[in-house]
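Enquirer: Got data-v2.pdb for you, PDB, C-alpha atoms, pLDDT in the B column:
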```pdb
ATOM      1  CA  MET N 170     -36.606 -30.924 -10.185  1.00 55.00           C
ATOM      2  CA  ALA N 171     -37.395 -27.609  -8.485  1.00 52.00           C
ATOM      3  CA  THR N 172     -36.894 -29.215  -5.073  1.00 54.00           C
ATOM      4  CA  LEU N 173     -33.546 -30.613  -6.212  1.00 50.00           C
ATOM      5  CA  LEU N 174     -32.349 -27.206  -7.346  1.00 46.00           C
ATOM      6  CA  LYS N 175     -33.535 -25.602  -4.125  1.00 52.00           C
ATOM      7  CA  ARG N 176     -31.650 -28.104  -1.995  1.00 54.00           C
ATOM      8  CA  MET N 177     -28.518 -27.728  -4.068  1.00 48.00           C
ATOM      9  CA  LEU N 178     -28.694 -23.940  -3.770  1.00 48.00           C
ATOM     10  CA  ILE N 179     -29.025 -24.228   0.000  1.00 50.00           C
ATOM     11  CA  ALA N 180     -26.029 -26.549   0.147  1.00 48.00           C
ATOM     12  CA  SER N 181     -23.988 -24.225  -2.056  1.00 49.00           C
ATOM     13  CA  SER N 182     -24.915 -21.191   0.038  1.00 50.00           C
ATOM     14  CA  LEU N 183     -23.864 -22.890   3.250  1.00 47.00           C
ATOM     15  CA  LEU N 184     -20.552 -23.907   1.734  1.00 49.00           C
ATOM     16  CA  SER N 185     -19.872 -20.420   0.332  1.00 47.00           C
ATOM     17  CA  ALA N 186     -20.714 -18.795   3.656  1.00 45.00           C
ATOM     18  CA  SER N 187     -18.223 -21.008   5.466  1.00 47.00           C
ATOM     19  CA  PHE N 188     -15.386 -19.755   3.210  1.00 47.00           C
ATOM     20  CA  ALA N 189     -16.493 -16.113   3.200  1.00 45.00           C
ATOM     21  CA  ALA N 190     -16.400 -15.974   6.999  1.00 52.00           C
ATOM     22  CA  ASN N 191     -12.622 -16.479   7.068  1.00 76.00           C
ATOM     23  CA  ALA N 192     -10.503 -13.324   7.065  1.00 91.00           C
ATOM     24  CA  SER N 193      -7.027 -13.222   5.561  1.00 96.00           C
ATOM     25  CA  LEU N 194      -4.159 -13.790   7.983  1.00 98.00           C
ATOM     26  CA  ILE N 195      -1.684 -11.877   5.819  1.00 99.00           C
ATOM     27  CA  THR N 196      -0.462  -8.444   6.847  1.00 98.00           C
ATOM     28  CA  ASN N 197      -0.141  -5.994   3.950  1.00 98.00           C
ATOM     29  CA  GLY N 198      -1.005  -8.581   1.319  1.00 98.00           C
ATOM     30  CA  SER N 199      -1.479  -5.988  -1.440  1.00 99.00           C
ATOM     31  CA  PHE N 200       1.544  -3.914  -0.356  1.00 99.00           C
ATOM     32  CA  GLU N 201      -0.601  -0.817   0.116  1.00 98.00           C
ATOM     33  CA  GLN N 202       0.543  -0.223   3.708  1.00 98.00           C
ATOM     34  CA  LEU N 203       3.524   2.126   3.687  1.00 97.00           C
ATOM     35  CA  LEU N 204       3.749   2.954   7.395  1.00 97.00           C
ATOM     36  CA  PHE N 205       5.121   0.586  10.027  1.00 97.00           C
ATOM     37  CA  ASP N 206       3.100   0.027  13.190  1.00 94.00           C
ATOM     38  CA  ASP N 207       6.080   1.095  15.327  1.00 94.00           C
ATOM     39  CA  SER N 208       6.559   4.272  13.221  1.00 92.00           C
ATOM     40  CA  SER N 209       9.962   3.094  12.004  1.00 93.00           C
ATOM     41  CA  LYS N 210      11.097   4.217   8.563  1.00 93.00           C
ATOM     42  CA  ALA N 211      12.343   2.361   5.504  1.00 96.00           C
ATOM     43  CA  GLN N 212      14.771   3.864   3.024  1.00 97.00           C
ATOM     44  CA  GLY N 213      15.131   2.585  -0.539  1.00 97.00           C
ATOM     45  CA  GLN N 214      18.505   1.172  -1.509  1.00 95.00           C
ATOM     46  CA  ILE N 215      18.535   2.499  -5.089  1.00 96.00           C
ATOM     47  CA  PHE N 216      17.075   6.022  -4.909  1.00 96.00           C
ATOM     48  CA  ASN N 217      17.032   6.490  -1.110  1.00 96.00           C
ATOM     49  CA  THR N 218      13.262   6.913  -1.334  1.00 96.00           C
ATOM     50  CA  ASN N 219      11.435   7.132   1.961  1.00 97.00           C
ATOM     51  CA  LEU N 220       8.777   4.424   1.807  1.00 98.00           C
ATOM     52  CA  ALA N 221       6.086   6.770   3.109  1.00 96.00           C
ATOM     53  CA  ASP N 222       6.812   9.212   0.256  1.00 97.00           C
ATOM     54  CA  PHE N 223       5.491   6.748  -2.333  1.00 97.00           C
ATOM     55  CA  THR N 224       2.003   8.141  -1.689  1.00 95.00           C
ATOM     56  CA  GLN N 225       3.091  11.506  -3.142  1.00 95.00           C
ATOM     57  CA  ARG N 226       4.429  10.064  -6.398  1.00 96.00           C
ATOM     58  CA  ASN N 227       2.544   9.058  -9.501  1.00 96.00           C
ATOM     59  CA  ARG N 228       5.247   6.607 -10.577  1.00 96.00           C
ATOM     60  CA  ALA N 229       7.916   5.138  -8.353  1.00 97.00           C
ATOM     61  CA  TRP N 230      10.006   2.103  -7.556  1.00 98.00           C
ATOM     62  CA  ASP N 231      12.784   1.260  -5.140  1.00 98.00           C
ATOM     63  CA  VAL N 232      14.241  -1.719  -3.305  1.00 98.00           C
ATOM     64  CA  PHE N 233      13.552  -2.069   0.426  1.00 98.00           C
ATOM     65  CA  TYR N 234      14.916  -4.517   2.954  1.00 97.00           C
ATOM     66  CA  ASN N 235      11.637  -4.445   4.878  1.00 98.00           C
ATOM     67  CA  LEU N 236       8.035  -3.565   4.085  1.00 98.00           C
ATOM     68  CA  PRO N 237       5.231  -3.596   6.660  1.00 98.00           C
ATOM     69  CA  GLY N 238       4.546  -7.286   7.281  1.00 98.00           C
ATOM     70  CA  TRP N 239       7.412  -8.508   5.081  1.00 99.00           C
ATOM     71  CA  GLN N 240      11.158  -8.846   5.491  1.00 98.00           C
ATOM     72  CA  THR N 241      13.923  -9.818   3.116  1.00 98.00           C
ATOM     73  CA  SER N 242      15.042 -13.357   3.932  1.00 97.00           C
ATOM     74  CA  TYR N 243      17.501 -13.776   1.058  1.00 96.00           C
ATOM     75  CA  GLY N 244      19.175 -11.461  -1.424  1.00 96.00           C
ATOM     76  CA  ASN N 245      19.173  -7.690  -1.652  1.00 94.00           C
ATOM     77  CA  GLY N 246      15.585  -6.730  -0.969  1.00 97.00           C
ATOM     78  CA  ILE N 247      12.006  -6.338  -2.113  1.00 98.00           C
ATOM     79  CA  GLU N 248      11.394  -4.123  -5.135  1.00 98.00           C
ATOM     80  CA  LEU N 249       8.198  -2.129  -4.599  1.00 98.00           C
ATOM     81  CA  GLN N 250       6.636  -0.722  -7.771  1.00 98.00           C
ATOM     82  CA  LYS N 251       3.917   1.884  -8.301  1.00 98.00           C
ATOM     83  CA  ASN N 252       2.602   2.432 -11.844  1.00 96.00           C
ATOM     84  CA  VAL N 253       5.813   0.891 -13.183  1.00 94.00           C
ATOM     85  CA  VAL N 254       5.976  -2.014 -15.664  1.00 93.00           C
ATOM     86  CA  THR N 255       2.240  -2.702 -15.243  1.00 97.00           C
ATOM     87  CA  ASN N 256      -0.831  -1.701 -13.287  1.00 97.00           C
ATOM     88  CA  SER N 257      -1.161  -3.466  -9.963  1.00 98.00           C
ATOM     89  CA  GLN N 258      -3.778  -6.171  -9.589  1.00 98.00           C
ATOM     90  CA  ASP N 259      -5.127  -4.654  -6.360  1.00 98.00           C
ATOM     91  CA  GLY N 260      -4.516  -1.060  -5.366  1.00 97.00           C
ATOM     92  CA  GLN N 261      -1.475   0.896  -6.534  1.00 98.00           C
ATOM     93  CA  TYR N 262       1.476  -1.270  -5.493  1.00 98.00           C
ATOM     94  CA  HIS N 263       2.979  -4.654  -6.309  1.00 99.00           C
ATOM     95  CA  VAL N 264       6.402  -6.241  -5.789  1.00 99.00           C
ATOM     96  CA  GLU N 265       9.155  -7.901  -7.782  1.00 98.00           C
ATOM     97  CA  LEU N 266      11.809 -10.145  -6.217  1.00 98.00           C
ATOM     98  CA  ASP N 267      14.359 -10.199  -9.048  1.00 97.00           C
ATOM     99  CA  SER N 268      15.277  -6.902  -7.454  1.00 96.00           C
ATOM    100  CA  HIS N 269      17.308  -4.158  -9.078  1.00 93.00           C
ATOM    101  CA  THR N 270      20.915  -4.316  -7.939  1.00 85.00           C
ATOM    102  CA  ARG N 271      24.404  -4.996  -9.200  1.00 77.00           C
ATOM    103  CA  GLY N 272      25.310  -8.666  -9.412  1.00 77.00           C
ATOM    104  CA  ALA N 273      23.009 -11.396  -8.097  1.00 87.00           C
ATOM    105  CA  SER N 274      19.496  -9.978  -7.992  1.00 94.00           C
ATOM    106  CA  ASN N 275      17.186 -12.835  -6.958  1.00 96.00           C
ATOM    107  CA  SER N 276      15.690 -12.225  -3.535  1.00 97.00           C
ATOM    108  CA  ALA N 277      13.158 -13.743  -1.144  1.00 98.00           C
ATOM    109  CA  MET N 278      10.651 -12.192   1.242  1.00 98.00           C
ATOM    110  CA  THR N 279       9.070 -13.795   4.298  1.00 99.00           C
ATOM    111  CA  GLN N 280       6.140 -13.167   6.613  1.00 99.00           C
ATOM    112  CA  ILE N 281       5.624 -14.982   9.927  1.00 98.00           C
ATOM    113  CA  ILE N 282       2.023 -16.133  10.413  1.00 98.00           C
ATOM    114  CA  ASP N 283       1.046 -16.732  14.040  1.00 96.00           C
ATOM    115  CA  SER N 284      -2.021 -17.995  15.933  1.00 94.00           C
ATOM    116  CA  LEU N 285      -2.347 -20.955  13.578  1.00 98.00           C
ATOM    117  CA  VAL N 286      -4.127 -24.177  14.528  1.00 97.00           C
ATOM    118  CA  ILE N 287      -1.936 -27.254  14.236  1.00 97.00           C
ATOM    119  CA  GLY N 288      -3.439 -29.661  11.711  1.00 97.00           C
ATOM    120  CA  GLN N 289      -5.638 -26.980  10.130  1.00 98.00           C
ATOM    121  CA  ASN N 290      -5.514 -26.487   6.363  1.00 98.00           C
ATOM    122  CA  TYR N 291      -4.948 -22.980   5.014  1.00 98.00           C
ATOM    123  CA  GLN N 292      -5.428 -21.695   1.492  1.00 98.00           C
ATOM    124  CA  LEU N 293      -2.994 -19.234  -0.047  1.00 99.00           C
ATOM    125  CA  GLU N 294      -4.003 -17.071  -2.974  1.00 99.00           C
ATOM    126  CA  PHE N 295      -1.813 -14.542  -4.729  1.00 99.00           C
ATOM    127  CA  TYR N 296      -1.684 -12.926  -8.146  1.00 99.00           C
ATOM    128  CA  TYR N 297       1.273 -13.505 -10.421  1.00 99.00           C
ATOM    129  CA  LYS N 298       2.366 -11.840 -13.637  1.00 98.00           C
ATOM    130  CA  PRO N 299       5.508 -12.582 -15.697  1.00 98.00           C
ATOM    131  CA  ARG N 300       7.522  -9.537 -16.696  1.00 97.00           C
ATOM    132  CA  THR N 301       9.486 -10.891 -19.677  1.00 96.00           C
ATOM    133  CA  ASN N 302       9.145 -13.328 -22.568  1.00 96.00           C
ATOM    134  CA  ARG N 303      12.395 -15.114 -21.772  1.00 94.00           C
ATOM    135  CA  ASP N 304      12.578 -18.724 -20.601  1.00 90.00           C
ATOM    136  CA  ASN N 305      13.828 -19.362 -17.067  1.00 92.00           C
ATOM    137  CA  ASP N 306      13.273 -15.727 -16.163  1.00 95.00           C
ATOM    138  CA  ASN N 307       9.980 -15.204 -14.302  1.00 97.00           C
ATOM    139  CA  ALA N 308       9.606 -18.032 -11.780  1.00 98.00           C
ATOM    140  CA  ILE N 309       8.297 -17.389  -8.282  1.00 98.00           C
ATOM    141  CA  HIS N 310       8.690 -20.201  -5.747  1.00 98.00           C
ATOM    142  CA  VAL N 311       6.461 -20.360  -2.674  1.00 99.00           C
ATOM    143  CA  TYR N 312       7.621 -21.879   0.626  1.00 98.00           C
ATOM    144  CA  TRP N 313       5.713 -22.818   3.779  1.00 98.00           C
ATOM    145  CA  HIS N 314       8.002 -23.719   6.657  1.00 97.00           C
ATOM    146  CA  ASP N 315       8.422 -23.637  10.415  1.00 95.00           C
ATOM    147  CA  ALA N 316       8.984 -20.105  11.663  1.00 96.00           C
ATOM    148  CA  ASN N 317      12.042 -21.293  13.600  1.00 94.00           C
ATOM    149  CA  VAL N 318      13.703 -22.395  10.356  1.00 92.00           C
ATOM    150  CA  ASN N 319      15.428 -19.566   8.516  1.00 92.00           C
ATOM    151  CA  PHE N 320      14.702 -19.360   4.811  1.00 95.00           C
ATOM    152  CA  ASP N 321      17.230 -21.208   2.714  1.00 91.00           C
ATOM    153  CA  GLN N 322      17.317 -21.896  -1.000  1.00 87.00           C
ATOM    154  CA  SER N 323      17.584 -25.610  -0.256  1.00 92.00           C
ATOM    155  CA  LEU N 324      14.040 -25.649   1.149  1.00 96.00           C
ATOM    156  CA  GLN N 325      11.524 -27.441  -1.038  1.00 96.00           C
ATOM    157  CA  ALA N 326       9.064 -25.115  -2.752  1.00 98.00           C
ATOM    158  CA  LYS N 327       5.397 -25.907  -2.126  1.00 98.00           C
ATOM    159  CA  HIS N 328       4.265 -24.121  -5.282  1.00 98.00           C
ATOM    160  CA  ILE N 329       5.849 -22.671  -8.418  1.00 98.00           C
ATOM    161  CA  ALA N 330       4.389 -19.899 -10.564  1.00 98.00           C
ATOM    162  CA  ASP N 331       6.124 -19.536 -13.901  1.00 98.00           C
ATOM    163  CA  GLY N 332       5.461 -18.447 -17.473  1.00 97.00           C
ATOM    164  CA  SER N 333       6.146 -15.790 -20.066  1.00 96.00           C
ATOM    165  CA  ARG N 334       4.481 -12.443 -20.692  1.00 96.00           C
ATOM    166  CA  SER N 335       3.020 -13.643 -23.998  1.00 96.00           C
ATOM    167  CA  ALA N 336       1.550 -16.775 -22.407  1.00 96.00           C
ATOM    168  CA  ILE N 337       0.250 -14.959 -19.297  1.00 97.00           C
ATOM    169  CA  PRO N 338      -0.388 -11.343 -20.353  1.00 97.00           C
ATOM    170  CA  ASN N 339      -2.636 -10.540 -17.395  1.00 98.00           C
ATOM    171  CA  TRP N 340      -2.481 -11.073 -13.667  1.00 99.00           C
ATOM    172  CA  GLN N 341      -3.174 -14.742 -12.915  1.00 99.00           C
ATOM    173  CA  VAL N 342      -4.419 -16.032  -9.563  1.00 99.00           C
ATOM    174  CA  GLN N 343      -2.373 -18.804  -7.952  1.00 99.00           C
ATOM    175  CA  THR N 344      -3.921 -21.065  -5.321  1.00 99.00           C
ATOM    176  CA  VAL N 345      -2.246 -23.575  -3.019  1.00 98.00           C
ATOM    177  CA  GLN N 346      -3.178 -25.238   0.264  1.00 98.00           C
ATOM    178  CA  PHE N 347      -0.909 -25.756   3.258  1.00 97.00           C
ATOM    179  CA  LYS N 348      -1.277 -27.531   6.581  1.00 98.00           C
ATOM    180  CA  ALA N 349      -0.072 -25.903   9.793  1.00 98.00           C
ATOM    181  CA  THR N 350       2.422 -28.094  11.633  1.00 97.00           C
ATOM    182  CA  ALA N 351       3.094 -25.423  14.263  1.00 97.00           C
ATOM    183  CA  THR N 352       1.265 -22.427  15.705  1.00 97.00           C
ATOM    184  CA  GLU N 353       3.733 -20.166  13.907  1.00 98.00           C
ATOM    185  CA  MET N 354       4.684 -20.773  10.284  1.00 98.00           C
ATOM    186  CA  ALA N 355       6.685 -18.780   7.756  1.00 98.00           C
ATOM    187  CA  LEU N 356       5.408 -17.954   4.278  1.00 99.00           C
ATOM    188  CA  SER N 357       8.170 -17.120   1.814  1.00 98.00           C
ATOM    189  CA  PHE N 358       8.260 -16.060  -1.824  1.00 99.00           C
ATOM    190  CA  ALA N 359      11.472 -16.228  -3.842  1.00 98.00           C
ATOM    191  CA  SER N 360      12.532 -15.229  -7.336  1.00 98.00           C
ATOM    192  CA  VAL N 361      14.182 -18.104  -9.207  1.00 96.00           C
ATOM    193  CA  GLY N 362      15.873 -18.153 -12.603  1.00 90.00           C
ATOM    194  CA  ALA N 363      17.977 -15.686 -14.556  1.00 93.00           C
ATOM    195  CA  GLN N 364      19.273 -12.871 -12.357  1.00 93.00           C
ATOM    196  CA  ASN N 365      18.762  -9.818 -14.539  1.00 93.00           C
ATOM    197  CA  THR N 366      16.529  -7.577 -12.357  1.00 95.00           C
ATOM    198  CA  LEU N 367      13.497  -8.599 -14.452  1.00 96.00           C
ATOM    199  CA  GLY N 368      11.262 -11.299 -13.011  1.00 95.00           C
ATOM    200  CA  GLY N 369       7.822 -12.368 -11.852  1.00 98.00           C
ATOM    201  CA  LEU N 370       5.499  -9.857 -10.173  1.00 99.00           C
ATOM    202  CA  ILE N 371       3.377 -10.494  -7.061  1.00 99.00           C
ATOM    203  CA  ASP N 372       0.243  -8.806  -5.712  1.00 99.00           C
ATOM    204  CA  ASN N 373      -2.842  -9.382  -3.556  1.00 99.00           C
ATOM    205  CA  VAL N 374      -1.590 -12.137  -1.238  1.00 99.00           C
ATOM    206  CA  SER N 375      -4.155 -13.732   1.092  1.00 99.00           C
ATOM    207  CA  LEU N 376      -4.205 -16.717   3.439  1.00 99.00           C
ATOM    208  CA  VAL N 377      -7.382 -18.104   5.011  1.00 98.00           C
ATOM    209  CA  ALA N 378      -8.297 -21.122   7.078  1.00 98.00           C
ATOM    210  CA  VAL N 379     -10.059 -23.709   4.945  1.00 96.00           C
ATOM    211  CA  SER N 380     -13.317 -24.884   6.469  1.00 83.00           C
ATOM    212  CA  GLU N 381     -14.385 -28.448   5.915  1.00 69.00           C
ATOM    213  CA  PRO N 382     -17.550 -28.621   3.796  1.00 59.00           C
ATOM    214  CA  PRO N 383     -20.476 -28.377   6.217  1.00 50.00           C
ATOM    215  CA  VAL N 384     -21.939 -31.817   6.912  1.00 45.00           C
ATOM    216  CA  ILE N 385     -25.463 -30.555   6.387  1.00 42.00           C
ATOM    217  CA  ALA N 386     -24.534 -29.206   2.959  1.00 44.00           C
ATOM    218  CA  LEU N 387     -23.054 -32.521   1.901  1.00 46.00           C
ATOM    219  CA  MET N 388     -26.084 -34.401   3.212  1.00 51.00           C
ATOM    220  CA  LEU N 389     -28.547 -32.144   1.432  1.00 50.00           C
ATOM    221  CA  GLY N 390     -26.640 -32.261  -1.831  1.00 53.00           C
ATOM    222  CA  GLY N 391     -26.241 -36.033  -1.678  1.00 55.00           C
ATOM    223  CA  ALA N 392     -29.858 -36.649  -0.753  1.00 51.00           C
ATOM    224  CA  ALA N 393     -31.082 -34.399  -3.537  1.00 52.00           C
ATOM    225  CA  LEU N 394     -28.940 -36.148  -6.129  1.00 51.00           C
ATOM    226  CA  PHE N 395     -30.006 -39.595  -4.903  1.00 51.00           C
ATOM    227  CA  GLY N 396     -33.676 -38.642  -5.024  1.00 55.00           C
ATOM    228  CA  PHE N 397     -33.322 -37.219  -8.510  1.00 49.00           C
ATOM    229  CA  ARG N 398     -31.696 -40.405  -9.788  1.00 55.00           C
ATOM    230  CA  ARG N 399     -34.425 -42.573  -8.270  1.00 57.00           C
ATOM    231  CA  ARG N 400     -37.134 -40.515  -9.923  1.00 56.00           C
ATOM    232  CA  GLN N 401     -35.347 -40.759 -13.254  1.00 56.00           C
ATOM    233  CA  ALA N 402     -35.044 -44.537 -12.900  1.00 55.00           C
ATOM    234  CA  ASN N 403     -38.764 -44.918 -12.146  1.00 56.00           C
ATOM    235  CA  LYS N 404     -39.874 -43.045 -15.267  1.00 53.00           C
TER     236      LYS N 404
END
```
With the file now loaded, output its structure as C-alpha cells.

Expert:
Amino acid sequence: MATLLKRMLIASSLLSASFAANASLITNGSFEQLLFDDSSKAQGQIFNTNLADFTQRNRAWDVFYNLPGWQTSYGNGIELQKNVVTNSQDGQYHVELDSHTRGASNSAMTQIIDSLVIGQNYQLEFYYKPRTNRDNDNAIHVYWHDANVNFDQSLQAKHIADGSRSAIPNWQVQTVQFKATATEMALSFASVGAQNTLGGLIDNVSLVAVSEPPVIALMLGGAALFGFRRRQANK
C-alpha cells in the first residue's frame, strides 16, 4: 500500500509540475496595470479621470475605451472599479462591462493573444461575481475567435457566467478550455442581459497552455492501481 501511495504521489507531482510551468498569456489580467507601454494616456468618459491617477485614490471608478492589454470591441467602454461595489478578487481593481452610460450600456472588451500553437489547447480562468439579485442582469459571455474577425454579438459564446448576488455572494472561478485554430486568437468578454449599468464583475483573468498528462505519470498511476487490485484479489 505504501508503494502504491508513493507511485501515485510521484505521478501527481509530475502532472502538477507540468501545469505550474505554464505562464499566463494574458496582459493585465487583474487590471492592475494603469500605464500603457507606449506611454499613451487614457481618459475616463464619465469623470474625465486620468487612468494613471487611480493609484492616488482610495475609491474610484470610470469608463475607459482602452486599458493596457484590453480594448473596447462593442459598446461604450470598460468600467474600471477600485474599492467600489466590492473588494477585488486580486489586487485593487476589477472591471464591469454593463458600463455606466446613458442608453444602451452593455459593452465588450477584447484582447489579442499571439504566439499561439495551432491545435494546442489553452485553459482560461477568470473570477466572476454578480452585482445584483435580478434575473437576466449579470451574465458575462466569453468568446474565443480568430483575431481577424471583429467582435460581433452574433458570435457564439464559448462560455457563460451567470447568477445572482444571493446565489453567488463571493468571487467564483470560471474555467473553460479553448483550442487555437490560428497563431493569433481574440479573447472577448461581453455583458449580456438588462442594460442598467449594473452587471457581472470580472477579475484575475489568466490563459495558459494545457499540457497533456505526462505519459510516465499515467503509466505509474495505472501500474500502481493494477498492482493494488491484483494484491487485493489474491488475498

Enquirer: Mind telling me what the PyMOL selection byres ((chain N and resi 206-217) around 12) catches here, as a PyMOL selection string?

Expert: chain N and resi 196-197+202-205+218-223+229-240+245-250+268-271

Enquirer: Give me, as a PyMOL selection string, all polymer residues having an atom no more than 8 Å from Phe200 in chain N, counting only C-alpha atoms and skipping those fewer than 5 positions away in the same chain.

Expert: chain N and resi 236-237+262-264+372-373

Enquirer: Using all atoms listed in the file, find the one residue out of N:Ala316, N:Asn275, N:Lys298, N:Ser360 that sits nearest to Ser335 in chain N.

Expert: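 For Ser335 in chain N, the nearest of the given residues is N:Lys298.
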
Enquirer: Mind telling me what the PyMOL selection byres ((chain N and resi 288) around 6) catches here, as a PyMOL selection string?

Expert: chain N and resi 287+289+348-349

Enquirer: Run the PyMOL selection byres ((chain N and resi 323) around 12) on the file and write out the hits as a list in words.

Expert: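 Evaluating the PyMOL selection byres ((chain N and resi 323) around 12) on these coordinates yields Tyr243, His310, Tyr312, His314, Val318, Asn319, Phe320, Asp321, Gln322, Leu324, Gln325, Ala326 and Ala359 of chain N.
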
Enquirer: Using all atoms listed in the file, which of the listed residues (N:Asn290, N:Thr224, N:Ser193, N:Ser199) sits closest to Gly260 in chain N?

Expert: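 Going through N:Asn290, N:Thr224, N:Ser193, N:Ser199 one by one, the smallest distance to Gly260 in chain N is for N:Ser199.
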
Enquirer: So, with all atoms listed in the file as the atoms that count, which of N:Asn307, N:Ser375, N:Ser284, N:Ser257 lies closest to Gln343 in chain N?

Expert: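 Comparing N:Asn307, N:Ser375, N:Ser284, N:Ser257 against Gln343 in chain N, the winner is N:Ser375.
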
Enquirer: Find the residues around Ala308 in chain N up to 7 Å (all atoms listed in the file counted), leave out those fewer than 3 positions away in its own chain, and share them as a list in words.

Expert: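 Using all atoms listed in the file, the neighbours found are Asn305, Ile329, Ala330, Asp331, Ser360, Val361, Gly362 and Gly369 of chain N.
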
Enquirer: Looking at N:Gln364, N:Ile282, N:Gly332, N:Phe358, which one is nearest to Ile309 in chain N, with distances taken over only C-alpha atoms?

Expert: N:Phe358

Enquirer: Using only C-alpha atoms for the distances, tell me which of N:Leu370, N:Thr344, N:Ala363, N:Asp306 is nearest to Lys251 in chain N.

Expert: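 Closest to Lys251 in chain N of all the choices is N:Leu370.
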
Enquirer: Between CA of Arg303 in chain N and CA of Pro338 in chain N, what is the distance, to one decimal in Å?

Expert: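 Going from CA of Arg303 in chain N over to CA of Pro338 in chain N, I get 13.4 Å.
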
Enquirer: Taking all atoms listed in the file into account, which of N:Leu266, N:Val379, N:Met278, N:Val342 comes nearest Leu356 in chain N?

Expert: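 Closest candidate: N:Met278.
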
Enquirer: Would you compute the distance between CA of Asn252 in chain N and CA of Arg228 in chain N? Give it in Å to one decimal.

Expert: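 CA of Arg228 in chain N lies at a distance of 5.1 Å from CA of Asn252 in chain N.
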